[in-house]
$ cat work.csv   # CSV, C-alpha atoms
chain,number,residue,atom,x,y,z
E,101,MET,CA,15.7,33.3,19.9
E,102,ASP,CA,14.8,36.4,18.0
E,103,GLU,CA,12.4,36.4,15.1
E,104,SER,CA,15.0,37.6,12.5
E,105,THR,CA,17.1,34.4,13.1
E,106,ILE,CA,14.1,32.2,12.7
E,107,ALA,CA,13.0,34.0,9.6
E,108,SER,CA,16.5,33.7,8.1
E,109,ARG,CA,16.5,30.0,8.5
E,110,GLY,CA,13.2,29.5,6.8
E,111,LEU,CA,10.5,26.9,7.4
E,112,TRP,CA,12.6,23.8,6.7
E,113,GLY,CA,15.7,25.1,8.5
E,114,ASP,CA,13.8,26.1,11.6
E,115,ALA,CA,11.9,22.7,11.6
E,116,LEU,CA,15.2,20.8,11.3
E,117,VAL,CA,16.6,22.7,14.3
E,118,ARG,CA,13.6,22.0,16.5
E,119,LEU,CA,13.6,18.4,15.3
E,120,ARG,CA,17.2,17.9,16.4
E,121,HIS,CA,16.2,19.2,19.9
E,122,ASP,CA,13.5,16.5,20.1
E,123,ARG,CA,15.4,13.6,21.7
E,124,ALA,CA,12.6,11.0,21.1
E,125,ALA,CA,12.4,11.9,17.4
E,126,SER,CA,16.2,12.0,17.1
E,127,VAL,CA,16.5,8.5,18.6
E,128,ALA,CA,13.7,7.3,16.3
E,129,LEU,CA,15.3,8.7,13.3
E,130,ALA,CA,18.7,7.2,14.2
E,131,LEU,CA,17.1,3.8,14.8
E,132,LEU,CA,15.2,4.0,11.6
E,133,GLY,CA,18.4,4.9,9.7
E,134,PHE,CA,20.1,1.9,11.4
E,135,LEU,CA,17.3,-0.5,10.3
E,136,ALA,CA,17.4,0.9,6.8
E,137,LEU,CA,21.2,0.5,6.6
E,138,ALA,CA,21.1,-3.0,8.0
E,139,ALA,CA,18.5,-3.9,5.4
E,140,LEU,CA,20.7,-2.5,2.6
E,141,ILE,CA,23.8,-4.4,3.7
E,142,ALA,CA,22.0,-7.6,4.7
E,143,PRO,CA,24.0,-9.9,2.4
E,144,LEU,CA,27.2,-8.8,4.2
E,145,LEU,CA,25.9,-9.8,7.7
E,146,SER,CA,25.7,-13.5,7.0
E,147,PRO,CA,27.1,-16.1,4.6
E,148,TRP,CA,23.5,-17.1,3.8
E,149,ARG,CA,21.2,-15.7,1.2
E,150,TYR,CA,17.5,-15.1,1.8
E,151,ASP,CA,16.7,-18.2,-0.3
E,152,SER,CA,19.6,-20.5,0.8
E,153,LEU,CA,18.6,-23.8,2.3
E,154,ASP,CA,20.5,-25.4,5.2
E,155,TRP,CA,19.3,-28.9,5.5
E,156,GLN,CA,21.3,-29.5,8.6
E,157,HIS,CA,19.4,-26.8,10.6
E,158,LEU,CA,15.7,-27.0,9.9
E,159,ALA,CA,13.6,-24.9,12.3
E,160,SER,CA,16.7,-24.2,14.3
E,161,PRO,CA,16.3,-21.9,17.3
E,162,PRO,CA,18.4,-18.7,17.7
E,163,GLY,CA,22.1,-19.3,18.5
E,164,ILE,CA,25.6,-18.5,17.5
E,165,ALA,CA,27.0,-22.0,17.3
E,166,ASP,CA,25.4,-22.8,13.9
E,167,ALA,CA,25.9,-19.3,12.3
E,168,HIS,CA,22.2,-18.7,12.4
E,169,TRP,CA,22.0,-16.0,15.0
E,170,LEU,CA,18.2,-15.6,14.9
E,171,GLY,CA,17.4,-19.2,13.9
E,172,THR,CA,16.0,-20.7,10.8
E,173,ASP,CA,12.6,-21.5,9.3
E,174,ARG,CA,11.2,-24.9,8.4
E,175,LEU,CA,13.2,-25.0,5.2
E,176,GLY,CA,16.5,-24.1,7.0
E,177,ARG,CA,16.5,-20.5,5.6
E,178,ASP,CA,18.3,-17.9,7.9
E,179,LEU,CA,15.8,-15.7,9.6
E,180,LEU,CA,18.1,-12.8,10.1
E,181,VAL,CA,18.9,-12.5,6.4
E,182,ARG,CA,15.2,-13.1,5.4
E,183,THR,CA,14.0,-10.5,8.0
E,184,LEU,CA,16.4,-7.9,6.7
E,185,HIS,CA,15.5,-8.8,3.1
E,186,GLY,CA,11.9,-8.5,4.0
E,187,LEU,CA,12.5,-5.2,5.8
E,188,ARG,CA,14.3,-3.9,2.7
E,189,LEU,CA,11.4,-5.0,0.4
E,190,SER,CA,8.7,-3.6,2.7
E,191,LEU,CA,10.5,-0.2,3.0
E,192,LEU,CA,11.0,-0.1,-0.8
E,193,LEU,CA,7.4,-0.8,-1.5
E,194,ALA,CA,6.1,1.5,1.2
E,195,GLY,CA,8.4,4.3,0.2
E,196,LEU,CA,7.5,4.1,-3.5
E,197,ALA,CA,3.8,3.8,-2.8
E,198,SER,CA,3.9,6.6,-0.3
E,199,GLY,CA,5.9,8.9,-2.5
E,200,VAL,CA,3.5,8.4,-5.5
E,201,SER,CA,0.4,8.8,-3.4
E,202,LEU,CA,1.7,12.0,-1.6
E,203,LEU,CA,2.7,13.6,-5.0
E,204,ILE,CA,-0.7,12.8,-6.6
E,205,GLY,CA,-2.6,13.8,-3.4
E,206,VAL,CA,-0.8,17.2,-3.0
E,207,LEU,CA,-1.2,18.2,-6.6
E,208,TRP,CA,-4.8,17.1,-6.8
E,209,GLY,CA,-5.9,18.6,-3.5
E,210,ALA,CA,-4.1,21.9,-4.1
E,211,ALA,CA,-5.4,22.2,-7.6
E,212,ALA,CA,-9.0,21.5,-6.5
E,213,GLY,CA,-8.9,23.9,-3.6
E,214,LEU,CA,-7.3,26.7,-5.6
E,215,SER,CA,-9.7,26.3,-8.6
E,216,GLY,CA,-12.9,26.2,-6.5
E,217,GLY,CA,-16.4,26.2,-8.0
E,218,ARG,CA,-17.4,23.4,-10.4
E,219,ILE,CA,-13.9,22.2,-11.0
E,220,ASP,CA,-13.4,21.7,-7.3
E,221,GLY,CA,-16.7,19.9,-7.0
E,222,ALA,CA,-16.0,17.6,-10.0
E,223,MET,CA,-12.5,16.7,-8.8
E,224,MET,CA,-13.6,15.9,-5.3
E,225,ARG,CA,-16.6,13.9,-6.6
E,226,PHE,CA,-14.0,11.8,-8.5
E,227,VAL,CA,-12.2,11.2,-5.2
E,228,ASP,CA,-15.5,10.2,-3.6
E,229,VAL,CA,-16.1,7.6,-6.3
E,230,LEU,CA,-12.7,6.1,-5.8
E,231,TYR,CA,-13.3,6.0,-2.0
E,232,SER,CA,-16.5,4.0,-2.7
E,233,LEU,CA,-14.6,1.2,-4.5
E,234,PRO,CA,-13.4,-1.6,-2.2
E,235,TYR,CA,-9.7,-1.5,-1.9
E,236,LEU,CA,-9.3,-5.2,-2.2
E,237,PHE,CA,-11.3,-5.1,-5.4
E,238,VAL,CA,-8.8,-2.7,-7.0
E,239,VAL,CA,-5.9,-4.8,-5.9
E,240,ILE,CA,-7.5,-8.0,-7.3
E,241,ILE,CA,-8.1,-6.3,-10.7
E,242,LEU,CA,-4.5,-5.1,-10.9
E,243,THR,CA,-3.0,-8.5,-9.9
E,244,THR,CA,-5.3,-10.1,-12.5
E,245,LEU,CA,-4.2,-7.8,-15.3
E,246,PHE,CA,-0.5,-8.0,-14.4
E,247,PRO,CA,1.8,-10.8,-13.1
E,248,ARG,CA,1.2,-11.6,-9.5
E,249,GLY,CA,4.0,-10.7,-7.1
E,250,SER,CA,5.4,-7.9,-9.4
E,251,LEU,CA,6.9,-5.2,-7.2
E,252,ALA,CA,5.8,-2.5,-9.6
E,253,VAL,CA,2.2,-3.8,-9.5
E,254,LEU,CA,2.2,-4.0,-5.7
E,255,ALA,CA,3.5,-0.4,-5.5
E,256,LEU,CA,0.8,0.8,-7.9
E,257,ALA,CA,-1.9,-1.1,-6.0
E,258,LEU,CA,-0.8,0.4,-2.7
E,259,ALA,CA,-0.7,3.9,-4.2
E,260,ALA,CA,-3.9,3.6,-6.1
E,261,VAL,CA,-6.1,4.7,-3.2
E,262,GLY,CA,-3.4,6.0,-0.8
E,263,TRP,CA,-3.5,9.5,-2.3
E,264,LEU,CA,-7.2,10.1,-1.6
E,265,THR,CA,-6.9,11.1,2.0
E,266,THR,CA,-3.9,13.3,1.2
E,267,ALA,CA,-5.9,15.1,-1.5
E,268,ARG,CA,-8.7,15.9,1.1
E,269,ILE,CA,-6.2,17.1,3.7
E,270,VAL,CA,-4.4,19.4,1.1
E,271,ARG,CA,-7.7,20.7,-0.3
E,272,ALA,CA,-8.9,21.7,3.2
E,273,GLN,CA,-5.6,23.4,3.9
E,274,THR,CA,-5.7,25.2,0.5
E,275,LEU,CA,-9.2,26.5,1.1
E,276,ALA,CA,-8.0,28.0,4.4
E,277,LEU,CA,-5.0,29.5,2.7
E,278,LYS,CA,-7.1,31.1,0.0
E,279,ARG,CA,-8.5,33.6,2.5
E,280,ARG,CA,-5.0,34.7,3.6
E,281,GLU,CA,-3.6,38.1,2.7
E,282,PHE,CA,-0.5,36.9,1.0
E,283,LEU,CA,-2.5,35.0,-1.6
E,284,GLU,CA,-4.7,38.0,-2.2
E,285,ALA,CA,-1.5,40.0,-2.8
E,286,ALA,CA,-0.2,37.4,-5.2
E,287,ARG,CA,-3.4,37.5,-7.2
E,288,ALA,CA,-3.3,41.3,-7.2
E,289,THR,CA,0.2,41.3,-8.7
E,290,GLY,CA,-1.1,39.1,-11.6
E,291,ALA,CA,0.7,35.8,-10.5
E,292,ALA,CA,-0.4,32.8,-12.6
E,293,PRO,CA,-2.3,30.0,-10.9
E,294,ALA,CA,0.6,27.6,-11.5
E,295,ARG,CA,3.0,30.0,-9.7
E,296,ILE,CA,0.6,30.5,-6.9
E,297,LEU,CA,0.2,26.7,-6.6
E,298,TRP,CA,4.0,26.0,-6.5
E,299,HIS,CA,5.3,29.1,-4.6
E,300,HIS,CA,2.5,29.8,-2.2
E,301,ILE,CA,0.2,26.8,-1.7
E,302,VAL,CA,2.5,23.8,-1.7
E,303,PRO,CA,5.2,25.3,0.6
E,304,ASN,CA,2.5,26.1,3.2
E,305,VAL,CA,0.9,22.6,3.2
E,306,VAL,CA,4.2,20.7,3.2
E,307,GLY,CA,4.2,20.5,7.0
E,308,PRO,CA,0.9,18.5,7.4
E,309,VAL,CA,1.9,16.5,4.3
E,310,VAL,CA,5.2,15.5,5.7
E,311,VAL,CA,3.7,14.5,9.0
E,312,TYR,CA,0.9,12.5,7.3
E,313,GLY,CA,3.6,10.9,5.1
E,314,THR,CA,5.2,9.3,8.2
E,315,LEU,CA,1.7,7.8,8.9
E,316,ILE,CA,1.3,6.6,5.3
E,317,VAL,CA,4.5,4.5,5.3
E,318,PRO,CA,3.4,2.2,8.2
E,319,GLN,CA,-0.1,2.1,6.7
E,320,MET,CA,1.4,0.9,3.4
E,321,ILE,CA,3.5,-1.7,5.2
E,322,LEU,CA,0.4,-3.1,7.0
E,323,PHE,CA,-1.5,-3.1,3.6
E,324,GLU,CA,1.4,-5.1,2.1
E,325,SER,CA,1.2,-7.5,5.0
E,326,PHE,CA,-2.5,-8.0,4.5
E,327,LEU,CA,-2.0,-8.6,0.8
E,328,SER,CA,0.7,-11.2,1.6
E,329,PHE,CA,-1.6,-12.9,4.0
E,330,LEU,CA,-4.1,-13.3,1.1
E,331,GLY,CA,-1.5,-14.5,-1.3
E,332,LEU,CA,-1.6,-11.3,-3.4
E,333,GLY,CA,1.5,-9.7,-2.1
E,334,VAL,CA,5.2,-10.7,-2.3
E,335,GLN,CA,5.5,-14.3,-3.4
E,336,GLU,CA,8.0,-17.0,-2.2
E,337,PRO,CA,10.9,-17.3,-2.2
E,338,GLN,CA,11.0,-13.5,-1.9
E,339,ALA,CA,10.5,-12.3,1.7
E,340,SER,CA,8.6,-9.4,3.1
E,341,LEU,CA,7.7,-8.7,6.7
E,342,GLY,CA,4.1,-9.6,5.9
E,343,ASN,CA,4.6,-13.1,4.5
E,344,LEU,CA,7.3,-13.8,7.1
E,345,ILE,CA,4.9,-13.0,9.9
E,346,TYR,CA,2.2,-15.1,8.2
E,347,ALA,CA,4.5,-18.1,7.8
E,348,GLY,CA,5.8,-17.8,11.4
E,349,ALA,CA,2.2,-17.6,12.7
E,350,GLN,CA,1.6,-21.1,11.4
E,351,GLU,CA,4.5,-22.4,13.5
E,352,MET,CA,4.0,-20.2,16.5
E,353,GLU,CA,3.5,-23.0,19.1
E,354,SER,CA,6.5,-25.2,18.1
E,355,ALA,CA,8.9,-22.4,16.8
E,356,PRO,CA,7.9,-19.0,18.3
E,357,TRP,CA,11.1,-17.3,17.0
E,358,MET,CA,9.8,-17.6,13.4
E,359,VAL,CA,7.1,-15.1,14.2
E,360,LEU,CA,8.8,-13.1,16.9
E,361,VAL,CA,11.8,-12.1,14.8
E,362,PRO,CA,9.9,-10.4,11.9
E,363,ALA,CA,7.2,-9.2,14.2
E,364,THR,CA,9.8,-7.4,16.4
E,365,ALA,CA,11.3,-5.8,13.3
E,366,LEU,CA,7.8,-4.6,12.2
E,367,VAL,CA,7.0,-3.2,15.6
E,368,LEU,CA,10.3,-1.3,15.8
E,369,LEU,CA,9.8,0.1,12.3
E,370,LEU,CA,6.2,1.2,13.0
E,371,LEU,CA,7.3,2.7,16.4
E,372,CYS,CA,10.1,4.7,14.9
E,373,LEU,CA,7.9,6.0,12.2
E,374,ASN,CA,5.1,7.0,14.6
E,375,VAL,CA,7.5,8.7,17.0
E,376,LEU,CA,9.2,10.5,14.1
E,377,GLY,CA,5.8,11.6,12.9
E,378,ASP,CA,5.0,13.2,16.3
E,379,GLY,CA,8.4,15.0,16.2
E,380,LEU,CA,7.8,16.3,12.7
E,381,ARG,CA,4.3,17.5,13.7
E,382,ASP,CA,5.8,19.5,16.5
E,383,ALA,CA,8.6,20.8,14.4
E,384,PHE,CA,6.4,22.0,11.6
E,385,ASP,CA,3.7,23.4,14.0
E,386,PRO,CA,3.7,27.2,13.4
E,387,ARG,CA,2.5,27.8,16.9
E,388,GLU,CA,5.9,26.5,18.1
E,389,ARG,CA,7.8,29.1,16.1

$ encode --input "work.csv" --output "structure tokens"
Amino acid sequence: MDESTIASRGLWGDALVRLRHDRAASVALALLGFLALAALIAPLLSPWRYDSLDWQHLASPPGIADAHWLGTDRLGRDLLVRTLHGLRLSLLLAGLASGVSLLIGVLWGAAAGLSGGRIDGAMMRFVDVLYSLPYLFVVIILTTLFPRGSLAVLALALAAVGWLTTARIVRAQTLALKRREFLEAARATGAAPARILWHHIVPNVVGPVVVYGTLIVPQMILFESFLSFLGLGVQEPQASLGNLIYAGAQEMESAPWMVLVPATALVLLLLCLNVLGDGLRDAFDPRER
């Protein structure tokens, strides 16, 4: 393919074309879309709600005879509906937290790298201070100040330290870009720092940021699972993949489906995100252009 065609498509267009030719990433994206769609329409897949109790089928194994396709838990709640509800909640929390952390990290890291000197040093020392704080300590403070189990508080707690690594990655990329000719030309034409930031720095760091974003989402899901294990995450009767796996682990010997169903959903979700991340890394790699 000639260079004029690639240039006319731009960075995003060229990356999307190469992503479509990556079969593994395309399958992962399709499966991820299916899981997200199933989570959104979960109430339509079963007559049961995530908190409905079926006293006739307590800890029932998977089957189609009793309308509980993937079984029930100890309270007779349908595991299919609860797993899809937990998938929806986990994706919502991870998506919100990842979006906030990526936005803050990109702006902070790009501003620090572009400013340089004492401003850069002060901004990155602030990042180092936040890195030194125990993550669990920050979460406990937030859950003490605000109602426990609040989705907004959980998203804020997950995003509170998630942007730190993004800021370091973007700052390193920005420092490398500062020595490029097109930035020198932009300064020579009198472009304002804000214009340089939005039109030159951010578009050139978006590739690594998008790839890292696919790694942040599963990280946030695992963090939420850890918080639910400690009782600081999603509270009953709400379901998330974290508290479903924790509850199922308590009954693993007598009712293994209670942990296998949400754990399988979590494994599929993480696998799709990691494969998609690899595909995005290859798609945005300038050496593949």

$ closest_atom_pairs --input "work.csv" --of "segment 279-321 of chain E" --to "segment 195-214 of chain E" --cutoff "7 Å" --atoms "all atoms listed in the file" --output "CSV"
residue,atom,partner,partner_atom,distance
E:Leu297,CA,E:Ala210,CA,6.9
E:Ile301,CA,E:Ala210,CA,6.9
E:Gly313,CA,E:Ser198,CA,6.9
E:Ile316,CA,E:Ser198,CA,6.2
E:Val317,CA,E:Ser198,CA,6.0

$ atom_distance --input "work.csv" --atom1 "atom CA of Arg188 of chain E" --atom2 "atom CA of Tyr235 of chain E"
24.6 Å

$ atom_distance --input "work.csv" --atom1 "atom CA of Thr172 of chain E" --atom2 "atom CA of Ala349 of chain E"
14.3 Å

$ residues_near_point --input "work.csv" --point "(21.5, -27.4, 10.7)" --cutoff "10 Å" --atoms "all atoms listed in the file" --output "VMD selection string"
chain E and resid 153 to 160 166 to 168 171 to 172 176 to 177

$ closest_residue --input "work.csv" --among "E:Glu324, E:Leu129, E:Thr274, E:Val359" --to "Asp378 of chain E" --atoms "all atoms listed in the file"
E:Leu129

$ closest_residue --input "work.csv" --among "E:Leu184, E:Leu315, E:Leu256, E:Asn304" --to "Phe134 of chain E" --atoms "only C-alpha atoms"
E:Leu184

$ closest_residue --input "work.csv" --among "E:Ala222, E:Leu332, E:Ala128, E:Ala136" --to "Phe237 of chain E" --atoms "all atoms listed in the file"
E:Leu332

$ residues_near_point --input "work.csv" --point "(3.4, -0.3, -9.5)" --cutoff "12 Å" --atoms "only C-alpha atoms" --output "VMD selection string"
chain E and resid 192 to 201 239 242 to 243 246 to 260

$ residues_around --input "work.csv" --residues "Arg182 of chain E" --least-positions-apart "5" --cutoff "8 Å" --atoms "only C-alpha atoms" --output "ChimeraX atom specification"
/E:149-151,177,339-340
